Structure formats: structure tokens, C-alpha cells
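Take a look at the structure set out below.
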Amino acid sequence: METTNVQIFSLLFSYARCRGIIDSTTVAKVREAFAQTMSLPDLVLVHGGEHAADCWDLTVAELRRQAPELRVLAVDLPGRGRKPGDLATATIADWVDSICTDIEDAGLGDVVVAGHSMAGVTVPGVVARLGSARVREMILVAAFVPPQGSAIVDTLAGPLAWFARRGARIGKPMKVPAAAARFAFCNGMTSEQRKFTLSRLYTESVRIPTEPVDRSDMPNEVPRTWIMTTRDRALSIRSQQDSIAALGGVDKIITVPACHDVMISDPKTLARILIERCESKQ
């Protein structure tokens with residue numbers, strides 16, 4: 001486990017106090033000032049295709065239980081959940097604008113931005129927009145990241161590829177059939193978890209998967225973590241490895257033996273990982 005700056009600070013000042021170098025009052029004042037400048041970053045959760053902010057509900061509940069001091073924002077992309085929007089005309093830039101506006105409206109400070117699945121095309125844009133001075137880490141969870149200049153439909157494989165390409169041909173927002181969604185998203189889930197997942201699926205834009213991605217302005221200095229779901233039917237390990245390569249690599253890979261919708265099938269583990277990543281960026 002990584003040692004945080006706050007932990008290092010505490011050890012050094014505890015040593016100094018024990019040695020009589022500084023008194024306890026000074027330690028308390030300096031610790032308070034240090035904590036204010038090295039506080040936990042806020043956590044932003046971005047959903048993927050056919051999902052909305054409510055897909056994170058179980059994980060958000062775990063985050064609040066395990067780390068009540070951590071501020072968490074799960075966003076709805078336009079046309080999903082509580083956010084109005086036209087899926088027929090949506091662009092990646094529109095979705096990046098929406099996420100950044102939600103972050104500002106929530107009054108968040110420095111952030112860790114985590115995105116699931118198709119958020120692999122939006123989160124890099126959010127990181128670029130907010131910049132390295134504000135984004136302490138980018139986390140991609142079982143994400144799909146096309147090569148620079150390519151679109152999702154150009155390179156997506158697996159059970160959802162046919163639906164993505166069919167949607168592109170039809171040109172109208174669509175929803176994957178329940179049987180296909182259950183196969184791709186829900187393997188290994190309990191009956192209650194499957195019901196939870198399938199009750200929270202939404203019509204998806206068919207324009208976003210056809211839009212070439214441009215990550216030319218994404219800052220390289222923002223640390224990148226990948227949470228790899230090793231039992232994923234929607235995005236295989238090979239597919240996720242290809243996405244990591246398309247991104248230009250990551251700093252850390254954390255494997256979880258879970259299906260694609262890990263935020264529903266194993267919210268406790270995912271919450272713990274997200275908290276640890278945030279704490280490592282204090």
C-alpha cells in the first residue's frame with residue numbers, strides 16, 4: 001500500500017515531538033495547516049454506455065460508509081437520469097462540458113475522476129479541460145479507449161460490438177436487448193444485483209460510438225490507474241489491455257475478479273480501491 005504525504009508528515013512530527021524538538025501546540029497547528037493544503041481530493045464518478053449516475057448507488061453508499069469525509073459526485077450524462085439532453089445529436093465535447101459544469105456547480109476542488117466503460121472516451125476530455133493542476137488522478141474502470149483518431153465502432157469487439165455497429169447504421173438512439181445486457185454486464189451477480197442492473201439501463205446515443213476521439217490535449221502528468229475486471233464479458237482482459245495501450249499506458253493496474261458492472265457486483269471492493277486511490281493523492 002502506498003504511503004501518503006499525510007502519513008509521512010505525521011510520522012516526522014511525532015518523532016520531532018518525542019525528541020522535544022517542537023511542542024505539542026506547534027505540532028497541532030502545523031498539522032492543521034498541512035491537512036488543509038493536503039486534504040482528500042473530491043471523487044467524481046462518470047458512468048458508461050446505457051447507464052446513468054444511479055449505477056453507482058451501491059458503491060456511493062459504500063464510499064459513504066467507509067470514508068464519510070470523502071466528497072463524491074456521480075454525474076448523469078445528458079439524456080440520462082435527471083439530466084435532459086438529445087442523444088441523437090450528442091457529441092463527446094457536449095458530454096465533457098456537462099461533466100465539467102456539474103463539477104463546478106457542486107463546488108468541488110481538486111478531484112480524482114473515475115470513469116466506467118464508455119467513459120473511456122469522455123474522462124480524458126474532462127482531465128484535459130480541468131488540467132493537471134486540479135486533477136490528482138484519472139481512474140478508468142473496465143473502460144474502452146479507442147486509439148487516437150479512431151471511434152468506438154472501429155475497434156470494439158465482444159458481445160456489444162454488433163449492437164454498436166447496428167446502431168450506427170440505423171442512426172437512432174437505441175437500447176441493447178435485456179438478454180444481451182444480462183450476458184454482457186451481469187455474470188456472477190446475485191439475482192438482486194441483476195435486477196438492480198437491468199432496472200437501471202437507458203437508451204444510448206449511437207452518435208458517440210461513431211465519433212473519432214482526440215486526446216491530443218490530455219496532460220501526461222496526471223497519474224492514471226486502471227481497474228481491470230478479469231471476469232468481464234463485455235470487455236475482455238485483452239480488450240482492456242488494448243485500451244491501456246491506446247491510452248499510452250497507465251501507472252497502476254488493479255485487478256478485480258468481477259464482471260463488467262463491478263460497481264454493482266462488488267461495491268465494497270470498488271469503494272475500498274477508490275478510497276485508497278484518493279488517500280494516496282493527499
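Residue names in the C-alpha cells use chain letters A, B, ... in the order shown, residue numbers from 1 in each chain, and ligand numbers from 1 in the order shown.
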(message) I need the residues in region 85-237 of chain A that are helix (DSSP H, G or I) according to DSSP; give them as an MDAnalysis selection string.
(response) chainID A and resid 92:105 117:121 123:130 152:155 161:170 178:185 191:198 208:210 237
(message) At a cut-off of 7 Å, using only C-alpha atoms, what residues contact Val141 (chain A)? Leave out same-chain residues fewer than 3 positions from it and give the result as a list of chain:residue names.
(response) A:Gly115, A:His116, A:Ser117, A:Trp226, A:Ile227, A:Met228
Counting only C-alpha atoms, which residues in region 112-153 of chain A sit no more than 12 Å from region 96-103 of chain A? For each one, give the nearest pair of atoms and the distance in Å, sorted by chain then residue number, as a tab-separated table.
residue	atom	partner	partner_atom	distance
A:Val112	CA	A:Ile103	CA	11.3
A:Val113	CA	A:Ile103	CA	10.3
A:Ala114	CA	A:Ile99	CA	11.8
A:Gly115	CA	A:Ile99	CA	11.2
A:Ala119	CA	A:Val96	CA	10.0
A:Gly120	CA	A:Val96	CA	11.5
A:Val121	CA	A:Val96	CA	9.4
A:Thr122	CA	A:Val96	CA	5.9
A:Val123	CA	A:Val96	CA	7.4
A:Pro124	CA	A:Val96	CA	8.9
A:Gly125	CA	A:Val96	CA	6.0
A:Val126	CA	A:Val96	CA	5.5
A:Val127	CA	A:Val96	CA	9.3
A:Ala128	CA	A:Val96	CA	9.7
A:Arg129	CA	A:Cys100	CA	7.8
A:Leu130	CA	A:Cys100	CA	7.6
A:Gly131	CA	A:Cys100	CA	11.3
A:Arg134	CA	A:Ile103	CA	11.6
A:Val135	CA	A:Ile103	CA	11.7
Hey, can you spit out that residue selection with C-alpha atoms as a CSV table (one decimal), in the first residue's frame?
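Result saved to out.csv:
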chain,number,residue,atom,x,y,z
A,112,VAL,CA,-9.9,12.3,-8.8
A,113,VAL,CA,-12.0,11.4,-11.8
A,114,ALA,CA,-13.2,7.8,-12.3
A,115,GLY,CA,-15.0,6.6,-15.4
A,119,ALA,CA,-16.5,6.8,-20.1
A,120,GLY,CA,-13.1,6.0,-21.6
A,121,VAL,CA,-14.0,8.5,-24.3
A,122,THR,CA,-15.2,11.2,-22.0
A,123,VAL,CA,-13.0,11.2,-18.9
A,124,PRO,CA,-9.8,12.0,-20.9
A,125,GLY,CA,-11.6,15.2,-22.1
A,126,VAL,CA,-12.6,16.1,-18.6
A,127,VAL,CA,-9.0,15.6,-17.4
A,128,ALA,CA,-7.8,17.8,-20.3
A,129,ARG,CA,-10.3,20.5,-19.5
A,130,LEU,CA,-9.7,20.7,-15.8
A,131,GLY,CA,-5.9,20.3,-16.2
A,134,ARG,CA,-6.7,20.2,-10.4
A,135,VAL,CA,-6.9,16.5,-11.4
(request) Would you kindly return, as an NGL selection string, each protein, DNA or RNA residue with an atom no farther than 6 Å from any atom of region 74-84 of chain A, considering only C-alpha atoms and excluding same-chain residues fewer than 3 positions away? (result) :A and (44-46 or 52-53 or 87)
Give me a file of those residues, with C-alpha atoms, as a tab-separated table (two decimals), in the first residue's frame.
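Resulting contents of result_18.tsv:
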chain	number	residue	atom	x	y	z
A	44	VAL	CA	-16.12	12.26	-9.48
A	45	LEU	CA	-17.82	9.15	-10.90
A	46	VAL	CA	-18.71	9.02	-14.61
A	52	ALA	CA	-26.67	6.67	-15.58
A	53	ALA	CA	-25.48	8.06	-12.26
A	87	LEU	CA	-28.99	11.61	-27.59
(message) Taking only C-alpha atoms into account, name the residue in A:Glu137, A:Asp42, A:Asp266, A:Asp217 that is nearest to Met189 (chain A).
(response) A:Asp266
